[in-house]
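Participant: Got a structure for you, my_file33.txt, holding compact mmCIF, C-alpha atoms and all ligand atoms.
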# COMPACT_ATOMS: atom_id res chain seq x y z
CA MET A 1 0.00 0.00 0.00
CA ARG A 2 1.23 3.54 -0.73
CA ILE A 3 0.48 5.77 2.23
CA ALA A 4 0.78 9.57 2.23
CA VAL A 5 1.65 10.74 5.74
CA PHE A 6 0.70 14.40 6.23
CA SER A 7 1.94 16.89 8.86
CA ALA A 8 4.91 14.57 9.24
CA GLN A 9 7.60 15.60 11.69
CA PRO A 10 11.01 13.91 12.07
CA TYR A 11 9.79 12.01 15.14
CA ASP A 12 6.80 10.61 13.19
CA LYS A 13 9.22 9.15 10.62
CA VAL A 14 11.36 7.51 13.32
CA TYR A 15 8.45 5.68 14.95
CA PHE A 16 6.61 4.84 11.71
CA GLU A 17 9.76 3.48 10.05
CA GLN A 18 10.50 1.38 13.12
CA GLU A 19 7.02 -0.15 13.05
CA ASN A 20 6.88 -0.42 9.25
CA ALA A 21 9.69 -2.96 9.41
CA HIS A 22 6.87 -5.43 10.23
CA HIS A 23 4.47 -4.13 7.53
CA GLN A 24 6.57 -3.20 4.49
CA GLN A 25 4.20 -0.49 3.29
CA THR A 26 5.43 2.41 1.15
CA LEU A 27 5.31 5.47 3.37
CA VAL A 28 5.78 8.91 1.82
CA TYR A 29 6.08 11.78 4.30
CA PHE A 30 4.76 15.27 3.64
CA GLU A 31 5.65 18.00 6.10
CA GLN A 32 2.67 20.05 4.91
CA ARG A 33 -0.75 19.93 6.51
CA LEU A 34 -3.45 18.24 4.46
CA ASN A 35 -5.87 20.74 2.95
CA ARG A 36 -7.54 21.47 -0.40
CA THR A 37 -4.19 22.52 -1.92
CA THR A 38 -2.01 19.70 -0.65
CA ALA A 39 -4.70 17.08 -1.34
CA THR A 40 -3.47 17.22 -4.96
CA LEU A 41 -0.31 15.42 -3.81
CA CYS A 42 -2.30 12.23 -3.21
CA GLN A 43 -2.40 10.89 -6.76
CA ASN A 44 -1.53 7.17 -6.75
CA PHE A 45 -1.81 6.77 -2.99
CA ASP A 46 -4.02 4.09 -1.43
CA ALA A 47 -4.26 5.72 1.96
CA VAL A 48 -3.80 9.05 3.68
CA CYS A 49 -2.45 9.20 7.22
CA ALA A 50 -3.55 12.44 8.90
CA PHE A 51 -3.06 14.22 12.23
CA VAL A 52 -5.03 16.62 14.45
CA ASN A 53 -4.80 19.78 12.35
CA ASP A 54 -5.18 18.24 8.91
CA GLU A 55 -8.37 19.28 7.12
CA LEU A 56 -10.63 16.42 6.15
CA ASN A 57 -13.74 18.32 5.13
CA ALA A 58 -16.10 17.23 2.35
CA GLU A 59 -14.13 19.05 -0.34
CA VAL A 60 -10.79 17.49 0.63
CA LEU A 61 -12.31 14.02 1.05
CA THR A 62 -13.96 14.25 -2.39
CA GLN A 63 -10.62 15.26 -3.91
CA LEU A 64 -8.85 12.35 -2.21
CA LYS A 65 -11.46 9.84 -3.36
CA SER A 66 -11.32 11.08 -6.95
CA GLN A 67 -7.54 10.55 -6.93
CA GLY A 68 -7.92 6.92 -5.87
CA VAL A 69 -7.38 7.17 -2.11
CA ARG A 70 -9.24 4.28 -0.45
CA TYR A 71 -8.63 4.76 3.27
CA ILE A 72 -8.14 7.57 5.78
CA ALA A 73 -6.03 6.66 8.81
CA LEU A 74 -5.99 9.22 11.61
CA ARG A 75 -2.95 8.86 13.84
CA CYS A 76 -4.80 10.44 16.77
CA ALA A 77 -7.86 9.83 18.93
CA GLY A 78 -9.84 13.05 18.27
CA PHE A 79 -11.68 13.27 14.93
CA ASN A 80 -13.36 16.69 15.06
CA ASN A 81 -11.43 17.63 11.88
CA VAL A 82 -13.14 14.94 9.76
CA ASP A 83 -16.50 15.23 8.02
CA LEU A 84 -17.63 11.68 8.80
CA ALA A 85 -20.93 12.07 6.94
CA ALA A 86 -19.06 13.02 3.76
CA ALA A 87 -16.61 10.13 4.25
CA LYS A 88 -19.54 7.73 4.54
CA THR A 89 -21.22 9.08 1.42
CA LEU A 90 -17.93 8.70 -0.45
CA ASN A 91 -17.48 5.16 0.93
CA LEU A 92 -14.14 6.19 2.39
CA PRO A 93 -13.43 4.30 5.65
CA VAL A 94 -11.85 6.41 8.40
CA VAL A 95 -9.85 4.67 11.13
CA ARG A 96 -8.24 6.22 14.20
CA VAL A 97 -6.10 5.34 17.22
CA PRO A 98 -8.69 5.43 20.00
CA ALA A 99 -6.37 4.87 22.94
CA TYR A 100 -2.66 4.90 22.36
CA SER A 101 -1.67 6.01 25.80
CA PRO A 102 -4.22 7.85 27.91
CA GLU A 103 -1.55 8.12 30.60
CA SER A 104 0.60 10.32 28.33
CA VAL A 105 -2.07 13.04 28.26
CA ALA A 106 -3.11 12.47 31.88
CA GLU A 107 0.48 12.88 33.08
CA HIS A 108 0.86 16.06 31.02
CA THR A 109 -2.32 17.39 32.60
CA ILE A 110 -0.76 16.80 36.01
CA ALA A 111 2.47 18.48 34.84
CA LEU A 112 0.46 21.61 33.96
CA ILE A 113 -1.38 21.57 37.30
CA MET A 114 1.82 21.07 39.31
CA THR A 115 3.81 23.66 37.40
CA LEU A 116 1.09 26.32 37.64
CA ASN A 117 0.55 25.59 41.32
CA ARG A 118 4.16 25.43 42.57
CA LYS A 119 5.51 27.74 39.81
CA THR A 120 8.54 25.59 39.12
CA HIS A 121 8.92 27.24 35.69
CA ARG A 122 9.47 30.59 37.41
CA ALA A 123 11.61 29.10 40.20
CA PHE A 124 13.89 27.52 37.57
CA ASN A 125 14.67 30.92 36.04
CA ARG A 126 15.06 32.65 39.40
CA VAL A 127 17.50 30.14 40.83
CA ARG A 128 19.63 30.27 37.67
CA GLU A 129 20.08 33.97 38.42
CA CYS A 130 20.78 33.24 42.10
CA ASN A 131 17.45 34.83 43.05
CA PHE A 132 16.25 32.69 45.94
CA ALA A 133 13.34 34.94 46.98
CA LEU A 134 10.09 33.02 47.43
CA ASN A 135 7.68 35.91 46.87
CA GLY A 136 5.27 35.07 44.09
CA LEU A 137 5.91 31.32 44.26
CA LEU A 138 3.23 30.48 46.83
CA GLY A 139 1.19 27.38 45.98
CA PHE A 140 -1.46 25.25 47.68
CA ASN A 141 -1.66 21.60 48.72
CA LEU A 142 -3.40 19.42 46.15
CA HIS A 143 -4.33 17.10 49.00
CA GLY A 144 -7.94 17.78 49.98
CA LYS A 145 -8.72 19.99 46.99
CA THR A 146 -11.73 19.30 44.74
CA VAL A 147 -10.98 18.57 41.09
CA GLY A 148 -13.79 18.64 38.52
CA LEU A 149 -13.21 16.50 35.43
CA ILE A 150 -15.36 17.12 32.37
CA GLY A 151 -15.21 13.78 30.57
CA THR A 152 -14.25 10.52 32.28
CA GLY A 153 -13.27 8.38 29.30
CA GLN A 154 -9.77 6.97 28.94
CA ILE A 155 -7.83 10.16 29.65
CA GLY A 156 -10.22 11.56 32.26
CA LEU A 157 -10.06 8.29 34.18
CA ALA A 158 -6.25 8.08 33.96
CA THR A 159 -6.10 11.66 35.31
CA ALA A 160 -8.56 10.79 38.08
CA LYS A 161 -6.38 7.86 39.18
CA ILE A 162 -3.33 10.11 39.60
CA LEU A 163 -5.32 12.82 41.39
CA ASN A 164 -6.78 10.19 43.69
CA GLY A 165 -3.21 9.39 44.71
CA PHE A 166 -2.74 13.05 45.64
CA GLY A 167 -5.74 12.84 47.96
CA CYS A 168 -8.02 15.07 45.88
CA LYS A 169 -11.80 14.94 46.01
CA LEU A 170 -13.01 13.95 42.55
CA LEU A 171 -16.10 15.32 40.84
CA ALA A 172 -17.03 14.69 37.24
CA HIS A 173 -19.54 15.44 34.56
CA ASP A 174 -20.04 13.01 31.67
CA PRO A 175 -23.23 11.86 29.90
CA TYR A 176 -21.99 8.28 30.41
CA GLU A 177 -20.94 7.28 33.91
CA ASN A 178 -17.74 5.24 34.17
CA ALA A 179 -17.90 2.57 36.89
CA ASP A 180 -14.11 2.75 37.33
CA PHE A 181 -14.39 6.44 38.23
CA ILE A 182 -17.06 5.68 40.83
CA ALA A 183 -14.89 2.83 42.18
CA LEU A 184 -12.14 5.40 42.82
CA GLY A 185 -14.55 7.29 45.05
CA GLY A 186 -15.39 9.87 42.37
CA GLN A 187 -18.84 11.45 42.20
CA TYR A 188 -20.81 12.48 39.13
CA CYS A 189 -22.72 15.76 39.22
CA ASP A 190 -24.22 18.32 36.87
CA LEU A 191 -22.02 21.03 35.41
CA ALA A 192 -23.43 23.73 37.70
CA THR A 193 -22.38 21.77 40.81
CA LEU A 194 -18.97 21.00 39.33
CA TYR A 195 -18.40 24.68 38.53
CA GLN A 196 -19.48 25.73 42.03
CA GLN A 197 -17.34 23.22 43.92
CA ALA A 198 -14.17 22.54 41.95
CA ASP A 199 -10.88 24.23 42.84
CA ILE A 200 -9.39 22.82 39.64
CA ILE A 201 -11.34 22.03 36.45
CA SER A 202 -9.82 19.85 33.74
CA LEU A 203 -11.35 19.14 30.34
CA HIS A 204 -11.24 15.59 28.93
CA CYS A 205 -14.21 15.44 26.55
CA PRO A 206 -14.17 15.52 22.75
CA LEU A 207 -14.91 18.61 20.70
CA SER A 208 -18.29 18.40 18.98
CA ALA A 209 -21.07 20.78 17.96
CA GLU A 210 -22.53 20.38 21.49
CA SER A 211 -19.27 20.88 23.39
CA HIS A 212 -17.99 23.81 21.29
CA HIS A 213 -17.24 26.72 23.68
CA LEU A 214 -18.53 24.68 26.61
CA ILE A 215 -16.37 26.94 28.77
CA ASN A 216 -17.75 30.38 27.97
CA ALA A 217 -18.43 33.54 30.00
CA GLU A 218 -21.58 32.05 31.50
CA ALA A 219 -19.76 28.88 32.65
CA ILE A 220 -16.82 30.87 34.06
CA SER A 221 -19.19 33.12 36.01
CA GLN A 222 -20.45 30.03 37.88
CA MET A 223 -16.95 28.86 38.86
CA LYS A 224 -15.21 29.36 42.21
CA GLN A 225 -13.22 32.54 42.67
CA GLY A 226 -9.58 31.62 41.91
CA VAL A 227 -10.34 28.43 39.97
CA MET A 228 -7.50 26.72 38.07
CA LEU A 229 -8.57 25.68 34.57
CA ILE A 230 -6.77 23.07 32.45
CA ASN A 231 -7.49 22.15 28.83
CA THR A 232 -5.51 19.31 27.28
CA SER A 233 -8.43 18.21 25.08
CA ARG A 234 -9.29 20.49 22.16
CA GLY A 235 -9.01 24.26 21.82
CA GLY A 236 -12.57 24.74 20.61
CA LEU A 237 -13.96 23.60 23.97
CA VAL A 238 -13.16 27.02 25.41
CA ASP A 239 -14.02 30.54 24.32
CA THR A 240 -10.62 32.27 24.44
CA HIS A 241 -12.18 35.76 24.81
CA ALA A 242 -14.03 34.56 27.91
CA LEU A 243 -10.83 33.03 29.33
CA ILE A 244 -9.01 36.33 28.95
CA GLN A 245 -11.85 38.17 30.73
CA GLY A 246 -11.79 35.51 33.46
CA LEU A 247 -8.05 36.02 33.93
CA LYS A 248 -8.38 39.82 33.94
CA SER A 249 -11.14 39.72 36.55
CA ARG A 250 -8.97 37.33 38.67
CA LYS A 251 -11.78 34.75 38.62
CA ILE A 252 -9.33 32.31 36.99
CA SER A 253 -6.16 32.18 39.09
CA ALA A 254 -4.26 29.85 36.78
CA LEU A 255 -4.77 28.57 33.25
CA GLY A 256 -3.00 25.62 31.62
CA LEU A 257 -3.52 24.96 27.92
CA ASP A 258 -2.06 22.25 25.72
CA VAL A 259 -4.50 23.09 22.93
CA TYR A 260 -5.75 26.31 21.36
CA GLU A 261 -8.66 26.95 19.02
CA GLN A 262 -6.47 28.55 16.34
CA GLU A 263 -3.53 26.21 16.94
CA SER A 264 -3.39 24.94 13.36
CA GLN A 265 -1.69 28.19 12.34
CA LEU A 266 0.92 27.90 15.09
CA PHE A 267 1.56 24.59 16.73
CA PHE A 268 4.06 21.91 15.68
CA HIS A 269 6.28 24.48 13.91
CA ASP A 270 9.05 26.88 14.93
CA HIS A 271 7.74 30.46 14.63
CA SER A 272 10.36 31.90 17.01
CA GLY A 273 11.74 34.32 14.40
CA GLU A 274 8.32 35.57 13.30
CA ILE A 275 5.72 38.03 14.46
CA ILE A 276 2.70 36.14 15.68
CA ASP A 277 -0.38 37.58 14.05
CA ASP A 278 -2.83 36.43 16.72
CA GLU A 279 -3.80 39.02 19.31
CA LEU A 280 -5.65 36.56 21.52
CA PHE A 281 -2.75 34.15 21.72
CA GLU A 282 -0.32 36.98 22.45
CA ARG A 283 -2.62 38.29 25.19
CA LEU A 284 -2.75 34.82 26.77
CA LEU A 285 1.06 34.65 26.73
CA SER A 286 1.26 37.97 28.57
CA PHE A 287 -0.29 36.59 31.80
CA PRO A 288 2.17 35.27 34.39
CA ASN A 289 -0.38 32.67 35.52
CA VAL A 290 -0.93 31.12 32.09
CA LEU A 291 1.10 28.13 30.96
CA ILE A 292 0.74 27.03 27.33
CA THR A 293 2.31 23.98 25.72
CA GLY A 294 2.00 23.25 22.00
CA HIS A 295 -0.21 20.14 21.92
CA GLN A 296 2.39 17.85 23.42
CA GLY A 297 0.15 15.85 25.74
CA PHE A 298 0.47 12.80 23.48
CA PHE A 299 4.21 13.22 23.04
CA THR A 300 5.87 10.29 24.78
CA GLU A 301 7.92 7.42 23.36
CA ASP A 302 5.28 4.98 24.54
CA ALA A 303 2.47 6.86 22.77
CA LEU A 304 4.37 7.37 19.49
CA THR A 305 5.20 3.65 19.37
CA GLN A 306 1.56 2.74 19.97
CA ILE A 307 0.28 5.30 17.43
CA ALA A 308 2.50 3.90 14.64
CA LEU A 309 1.66 0.30 15.54
CA THR A 310 -2.11 0.84 15.68
CA THR A 311 -2.22 2.99 12.52
CA LEU A 312 -0.39 0.41 10.41
CA ASN A 313 -2.45 -2.43 11.91
CA ASN A 314 -5.67 -0.51 11.17
CA LEU A 315 -4.71 -0.18 7.51
CA ASP A 316 -3.69 -3.85 7.31
CA GLN A 317 -7.07 -4.88 8.68
CA LEU A 318 -8.97 -2.65 6.26
CA GLU A 319 -7.01 -4.02 3.32
CA ARG A 320 -7.39 -7.68 4.34
CA GLN A 321 -10.87 -7.77 5.85
CA GLN A 322 -12.50 -4.53 4.61
CA THR A 323 -13.34 -3.83 8.23
CA CYS A 324 -11.52 -2.66 11.37
CA PRO A 325 -12.67 -2.23 14.99
CA ASN A 326 -11.09 1.25 15.03
CA GLU A 327 -13.20 2.46 12.11
CA LEU A 328 -15.23 5.58 12.87
CA THR A 329 -18.92 5.62 12.17
CA GLN A 330 -21.02 8.74 12.00
CA ASN A 331 -22.89 7.99 15.21
CA ILE A 332 -19.84 7.28 17.42
P1 LIG A 401 -12.77 9.01 25.33
O1 LIG A 401 -13.67 8.85 24.16
O2 LIG A 401 -12.20 7.79 25.99
O3 LIG A 401 -13.54 9.84 26.47
C1 LIG A 401 -14.25 11.01 26.22
C2 LIG A 401 -15.33 11.11 27.29
O4 LIG A 401 -15.96 12.39 27.16
C3 LIG A 401 -16.43 10.04 27.16
O5 LIG A 401 -16.62 9.40 28.40
C4 LIG A 401 -17.67 10.83 26.74
O6 LIG A 401 -18.87 10.28 27.24
C5 LIG A 401 -17.36 12.19 27.37
N1 LIG A 401 -18.12 13.30 26.82
C6 LIG A 401 -18.53 13.49 25.54
N2 LIG A 401 -19.15 14.67 25.43
C7 LIG A 401 -19.13 15.24 26.67
C8 LIG A 401 -19.61 16.46 27.19
N3 LIG A 401 -20.25 17.35 26.41
N4 LIG A 401 -19.40 16.72 28.49
C9 LIG A 401 -18.75 15.84 29.30
N5 LIG A 401 -18.27 14.67 28.85
C10 LIG A 401 -18.45 14.38 27.54
O7 LIG A 401 -11.62 10.00 24.86
P2 LIG A 401 -10.18 10.19 25.52
O8 LIG A 401 -9.23 9.22 24.92
O9 LIG A 401 -10.30 10.24 26.98
O10 LIG A 401 -9.78 11.61 24.94
C11 LIG A 401 -10.45 12.79 25.35
C12 LIG A 401 -10.03 13.92 24.45
O11 LIG A 401 -8.65 14.22 24.68
C13 LIG A 401 -10.09 13.61 22.94
O12 LIG A 401 -11.37 13.84 22.42
C14 LIG A 401 -9.07 14.56 22.38
O13 LIG A 401 -9.75 15.73 22.00
C15 LIG A 401 -8.14 14.86 23.53
N6 LIG A 401 -6.77 14.39 23.30
C16 LIG A 401 -5.74 15.27 23.45
C17 LIG A 401 -4.43 14.87 23.25
C18 LIG A 401 -3.26 15.81 23.45
O14 LIG A 401 -2.16 15.50 22.96
N7 LIG A 401 -3.43 16.92 24.13
C19 LIG A 401 -4.13 13.50 22.82
C20 LIG A 401 -5.28 12.63 22.75
C21 LIG A 401 -6.55 13.07 22.96
For the file at hand, write its structure as C-alpha cells.
Ligand code: NAI
Facilitator:
Amino acid sequence: MRIAVFSAQPYDKVYFEQENAHHQQTLVYFEQRLNRTTATLCQNFDAVCAFVNDELNAEVLTQLKSQGVRYIALRCAGFNNVDLAAAKTLNLPVVRVPAYSPESVAEHTIALIMTLNRKTHRAFNRVRECNFALNGLLGFNLHGKTVGLIGTGQIGLATAKILNGFGCKLLAHDPYENADFIALGGQYCDLATLYQQADIISLHCPLSAESHHLINAEAISQMKQGVMLINTSRGGLVDTHALIQGLKSRKISALGLDVYEQESQLFFHDHSGEIIDDELFERLLSFPNVLITGHQGFFTEDALTQIALTTLNNLDQLERQQTCPNELTQNI
C-alpha cells in the first residue's frame, strides 16, 4: 500500500519506520498539513495518514477519493477535523487510534497543574540567576482539593487515578458514567455543581457541535473565585475571549492549555523568528499565571510507538478484511 503521511515531523518518521519494518508499506512523508491545496499530492496513494490539524472536510475528502485514495487513517484519537458524513457518502473508511496512551495526556495534565501551582517554571529561572526569593511562588496543597473533570473516558479516568493518589476529592460530569471512576470514590454531578465546587477544572471530553465553547463567559461566572482551569483536550472547547476576561477579573487564578482553538496556524512548527499575528494568543502569553504547551500531551515514546503500531495495523485490517474495529462511524 502507498500511504501519504501528512503533517509529518522527524519524530513521526522515526516511529513509523521502526514499526513499518513489520508491515513493508510504502510510506511517503509530507511535512505540509493536508488541505484542499495539498490534497493534490495524493495521486496514486491508497491511503492518507492524517493528524489533528489536517483538514478532512467534504471538499478534501472528495478530492482524495477522486484521486484513488481508499482509506483515511488518523494517527490520533480526536476526529473533530473529519466530516464523517461526507466520508460515509464517499465510501471512504476512516480509522483512528482510540487509545494509544491515555496516561501520556493524563500525566501532562498533572504536569500543567503542578507547574502552575508550585511555579517551578518561574523558580527555575530565578534560581539560575541566584534569586532565591520566594515571593510570588506560593502554591497550595493538592491534597484535599476538589478537582472537577469534564469527561471521564480513557484520559479523564487516567487523570482521576493520579489525582486520587494526591488525595483530591473527585467530581465529574459526563453523559456516560464510568464505573471505574465511581470505584475510585469519584462522584458524578451536573455542570453547575462541578463549577461551584471545583478548585481545579480539567477538560477531557471531545470537541463536537454540542461541546464547542462549553467553557464560555456564562460557565466561568459560575466557577469558584480563583479556579484553576486546564485544557488538554481540544481548543474549541473554550471561548478564548471569555478566558481572557476571566483572567483579567482574577476569577481564573491559573490557566494551563495544551491546545488552542487557532492552533493549526501555530503549533508543531518553529515560529520563534516571526511576528505572531494572533492578538488573543499573544494576550494569553502575557499573563504570568498562564502556561501554554504546543499540543504535546500525546508526546511520549510509549504513545508514538503505539500510534504507529495501531495505525499500520488498522490499515492492514482494512485491506485484508474490509473492516476494522477502530473504524469511525457517524454515530460514534
Ligand atoms: P474518550 O472517548 O475515551 O472519552 C471522552 C469522554 O468524554 C467520554 O466518556 C464521553 O462520554 C465524554 N463526553 C462526551 N461529550 C461530553 C460532554 N459534552 N461533556 C462531558 N463529557 C463528555 O476519549 P479520551 O481518549 O479520553 O480523549 C479525550 C479527548 O482528549 C479527545 O477527544 C481529544 O480531544 C483529547 N486528546 C488530546 C491529546 C493531546 O495531545 N493533548 C491527545 C489525545 C486526545
Participant: Determine, counting all atoms listed in the file, which protein, DNA and RNA residues have an atom within 9 Å of an atom of Val95 (chain A); residues of the same chain fewer than 3 positions away are not included. Present the result as a count of residues only.
Facilitator: 15
Participant: Enumerate residues in contact with ligand LIG 401 (chain A): an atom-to-atom distance of at most 8 Å, counting all atoms listed in the file. Format the result as a PDB file with C-alpha atoms, in the coordinates of the input.
Facilitator:
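In the end it all went to result06.pdb:
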ATOM      1  CA  CYS A  76      -4.800  10.440  16.770  1.00  0.00           C
ATOM      2  CA  ALA A  77      -7.860   9.830  18.930  1.00  0.00           C
ATOM      3  CA  GLY A  78      -9.840  13.050  18.270  1.00  0.00           C
ATOM      4  CA  PHE A  79     -11.680  13.270  14.930  1.00  0.00           C
ATOM      5  CA  ASN A  80     -13.360  16.690  15.060  1.00  0.00           C
ATOM      6  CA  PRO A  98      -8.690   5.430  20.000  1.00  0.00           C
ATOM      7  CA  ALA A  99      -6.370   4.870  22.940  1.00  0.00           C
ATOM      8  CA  PRO A 102      -4.220   7.850  27.910  1.00  0.00           C
ATOM      9  CA  SER A 104       0.600  10.320  28.330  1.00  0.00           C
ATOM     10  CA  VAL A 105      -2.070  13.040  28.260  1.00  0.00           C
ATOM     11  CA  ILE A 150     -15.360  17.120  32.370  1.00  0.00           C
ATOM     12  CA  GLY A 151     -15.210  13.780  30.570  1.00  0.00           C
ATOM     13  CA  THR A 152     -14.250  10.520  32.280  1.00  0.00           C
ATOM     14  CA  GLY A 153     -13.270   8.380  29.300  1.00  0.00           C
ATOM     15  CA  GLN A 154      -9.770   6.970  28.940  1.00  0.00           C
ATOM     16  CA  ILE A 155      -7.830  10.160  29.650  1.00  0.00           C
ATOM     17  CA  GLY A 156     -10.220  11.560  32.260  1.00  0.00           C
ATOM     18  CA  LEU A 157     -10.060   8.290  34.180  1.00  0.00           C
ATOM     19  CA  HIS A 173     -19.540  15.440  34.560  1.00  0.00           C
ATOM     20  CA  ASP A 174     -20.040  13.010  31.670  1.00  0.00           C
ATOM     21  CA  PRO A 175     -23.230  11.860  29.900  1.00  0.00           C
ATOM     22  CA  TYR A 176     -21.990   8.280  30.410  1.00  0.00           C
ATOM     23  CA  GLU A 177     -20.940   7.280  33.910  1.00  0.00           C
ATOM     24  CA  ASN A 178     -17.740   5.240  34.170  1.00  0.00           C
ATOM     25  CA  LEU A 203     -11.350  19.140  30.340  1.00  0.00           C
ATOM     26  CA  HIS A 204     -11.240  15.590  28.930  1.00  0.00           C
ATOM     27  CA  CYS A 205     -14.210  15.440  26.550  1.00  0.00           C
ATOM     28  CA  PRO A 206     -14.170  15.520  22.750  1.00  0.00           C
ATOM     29  CA  LEU A 207     -14.910  18.610  20.700  1.00  0.00           C
ATOM     30  CA  SER A 208     -18.290  18.400  18.980  1.00  0.00           C
ATOM     31  CA  GLU A 210     -22.530  20.380  21.490  1.00  0.00           C
ATOM     32  CA  SER A 211     -19.270  20.880  23.390  1.00  0.00           C
ATOM     33  CA  LEU A 214     -18.530  24.680  26.610  1.00  0.00           C
ATOM     34  CA  THR A 232      -5.510  19.310  27.280  1.00  0.00           C
ATOM     35  CA  SER A 233      -8.430  18.210  25.080  1.00  0.00           C
ATOM     36  CA  ARG A 234      -9.290  20.490  22.160  1.00  0.00           C
ATOM     37  CA  ASP A 258      -2.060  22.250  25.720  1.00  0.00           C
ATOM     38  CA  VAL A 259      -4.500  23.090  22.930  1.00  0.00           C
ATOM     39  CA  HIS A 295      -0.210  20.140  21.920  1.00  0.00           C
ATOM     40  CA  GLN A 296       2.390  17.850  23.420  1.00  0.00           C
ATOM     41  CA  GLY A 297       0.150  15.850  25.740  1.00  0.00           C
ATOM     42  CA  PHE A 298       0.470  12.800  23.480  1.00  0.00           C
ATOM     43  CA  PHE A 299       4.210  13.220  23.040  1.00  0.00           C
TER      44      PHE A 299
END
Participant: Give me the residues near Asp278 (chain A) as a list in words, where near means some atom within 10 Å (using all atoms listed in the file) and where sequence neighbours in that chain fewer than 4 positions away do not count.
Facilitator: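 Contacts, with the query itself left out: Gln262, Gln265, Leu266, Glu282 and Arg283 of chain A.
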Participant: Do you know which residues are at most 10 Å from Ala308 (chain A) counting only C-alpha atoms, after dropping those on the same chain fewer than 4 positions away, and could you put them as a list in words?
Facilitator: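 Close residues of Ala308 (chain A): Asp12, Lys13, Val14, Tyr15, Phe16, Glu17, Gln18, Glu19, Asn20, Arg75, Val97, Tyr100, Ala303, Leu304, Leu312, Asn313 and Asn314 of chain A.
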Participant: Which one of A:Leu34, A:Leu184, A:Val28, A:Leu229 sits closest to Asn289 (chain A) if you count all atoms listed in the file?
Facilitator: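 Nearest candidate to Asn289 (chain A) out of A:Leu34, A:Leu184, A:Val28, A:Leu229: A:Leu229.
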Participant: Within 12 Å of Ala4 (chain A), counting all atoms listed in the file, which residues show up once you throw out same-chain ones fewer than 5 positions away? Write them as an MDAnalysis selection string, please.
Facilitator: chainID A and resid 13 25:34 38:51 64 69:74
Participant: From the options A:Glu301, A:Asp180, A:Asp239, A:Asp199, which residue's atoms come nearest to His213 (chain A), counting all atoms listed in the file?
Facilitator: A:Asp239
Participant: Which residue gives the smallest distance to Ala123 (chain A) among A:Cys168, A:Met223, A:Gly136, A:Ala111, with all atoms listed in the file counted?
Facilitator: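 Checking each of A:Cys168, A:Met223, A:Gly136, A:Ala111 against Ala123 (chain A), counting all atoms listed in the file, the winner is A:Gly136.
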Participant: Measure the distance from CA of Asp277 (chain A) to CA of Ser264 (chain A) in Å and round it to one decimal.
Facilitator: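 Separating CA of Asp277 (chain A) from CA of Ser264 (chain A) is a distance of 13.0 Å.
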Participant: Can you tell me, as a list in words, which residues sit within 12 Å of (-23.4, 23.7, 38.1) in the file's frame, using all atoms listed in the file?
Facilitator: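 All residues meeting the 12 Å criterion around (-23.4, 23.7, 38.1) are Gly148, Ile150, Leu171, Ala172, His173, Tyr188, Cys189, Asp190, Leu191, Ala192, Thr193, Leu194, Tyr195, Gln196, Gln197, Ala198, Glu218, Ala219, Ile220, Ser221, Gln222, Met223 and Lys224 of chain A.
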Participant: For the atom pair CA of Lys169 (chain A) and CA of Ile182 (chain A), what is the interatomic distance in Å to one decimal place?
Facilitator: 11.8 Å
Participant: State, in Å with one decimal place, the distance from CA of Leu149 (chain A) to CA of Ile200 (chain A).
Facilitator: 8.5 Å
Participant: Measuring between only C-alpha atoms, which one of A:Val290, A:Ala217, A:Thr305, A:Gly144 shows the shortest distance to Lys119 (chain A)?
Facilitator: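 Looking only at the distances to Lys119 (chain A), the closest residue turns out to be A:Val290.
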Participant: Mind checking which residues fall within 9 Å of Leu84 (chain A), counting all atoms listed in the file, ignoring those fewer than 6 positions away in the same chain, and posting them as a PDB file with C-alpha atoms, keeping the file's coordinate frame?
Facilitator:
ATOM      1  CA  LEU A  56     -10.630  16.420   6.150  1.00  0.00           C
ATOM      2  CA  ASN A  57     -13.740  18.320   5.130  1.00  0.00           C
ATOM      3  CA  ALA A  58     -16.100  17.230   2.350  1.00  0.00           C
ATOM      4  CA  VAL A  94     -11.850   6.410   8.400  1.00  0.00           C
ATOM      5  CA  LEU A 328     -15.230   5.580  12.870  1.00  0.00           C
ATOM      6  CA  THR A 329     -18.920   5.620  12.170  1.00  0.00           C
ATOM      7  CA  GLN A 330     -21.020   8.740  12.000  1.00  0.00           C
TER       8      GLN A 330
END
Participant: So, with all atoms listed in the file as the atoms that count, which of A:Ile162, A:Ser249, A:Pro10, A:Phe124 lies closest to Ala106 (chain A)?
Facilitator: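 Looking only at the distances to Ala106 (chain A), the closest residue turns out to be A:Ile162.
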Participant: For region 210-221 of chain A in the structure I just supplied, write out C-alpha atoms - as a PDB file, in the first residue's frame.
Facilitator:
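Result saved to part-v2.pdb:
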ATOM      1  CA  GLU A 210     -22.532  20.376  21.493  1.00  0.00           C
ATOM      2  CA  SER A 211     -19.272  20.883  23.390  1.00  0.00           C
ATOM      3  CA  HIS A 212     -17.989  23.811  21.286  1.00  0.00           C
ATOM      4  CA  HIS A 213     -17.241  26.722  23.678  1.00  0.00           C
ATOM      5  CA  LEU A 214     -18.532  24.683  26.614  1.00  0.00           C
ATOM      6  CA  ILE A 215     -16.372  26.938  28.773  1.00  0.00           C
ATOM      7  CA  ASN A 216     -17.747  30.378  27.975  1.00  0.00           C
ATOM      8  CA  ALA A 217     -18.431  33.542  29.998  1.00  0.00           C
ATOM      9  CA  GLU A 218     -21.583  32.052  31.499  1.00  0.00           C
ATOM     10  CA  ALA A 219     -19.758  28.884  32.653  1.00  0.00           C
ATOM     11  CA  ILE A 220     -16.819  30.870  34.056  1.00  0.00           C
ATOM     12  CA  SER A 221     -19.192  33.120  36.009  1.00  0.00           C
TER      13      SER A 221
END
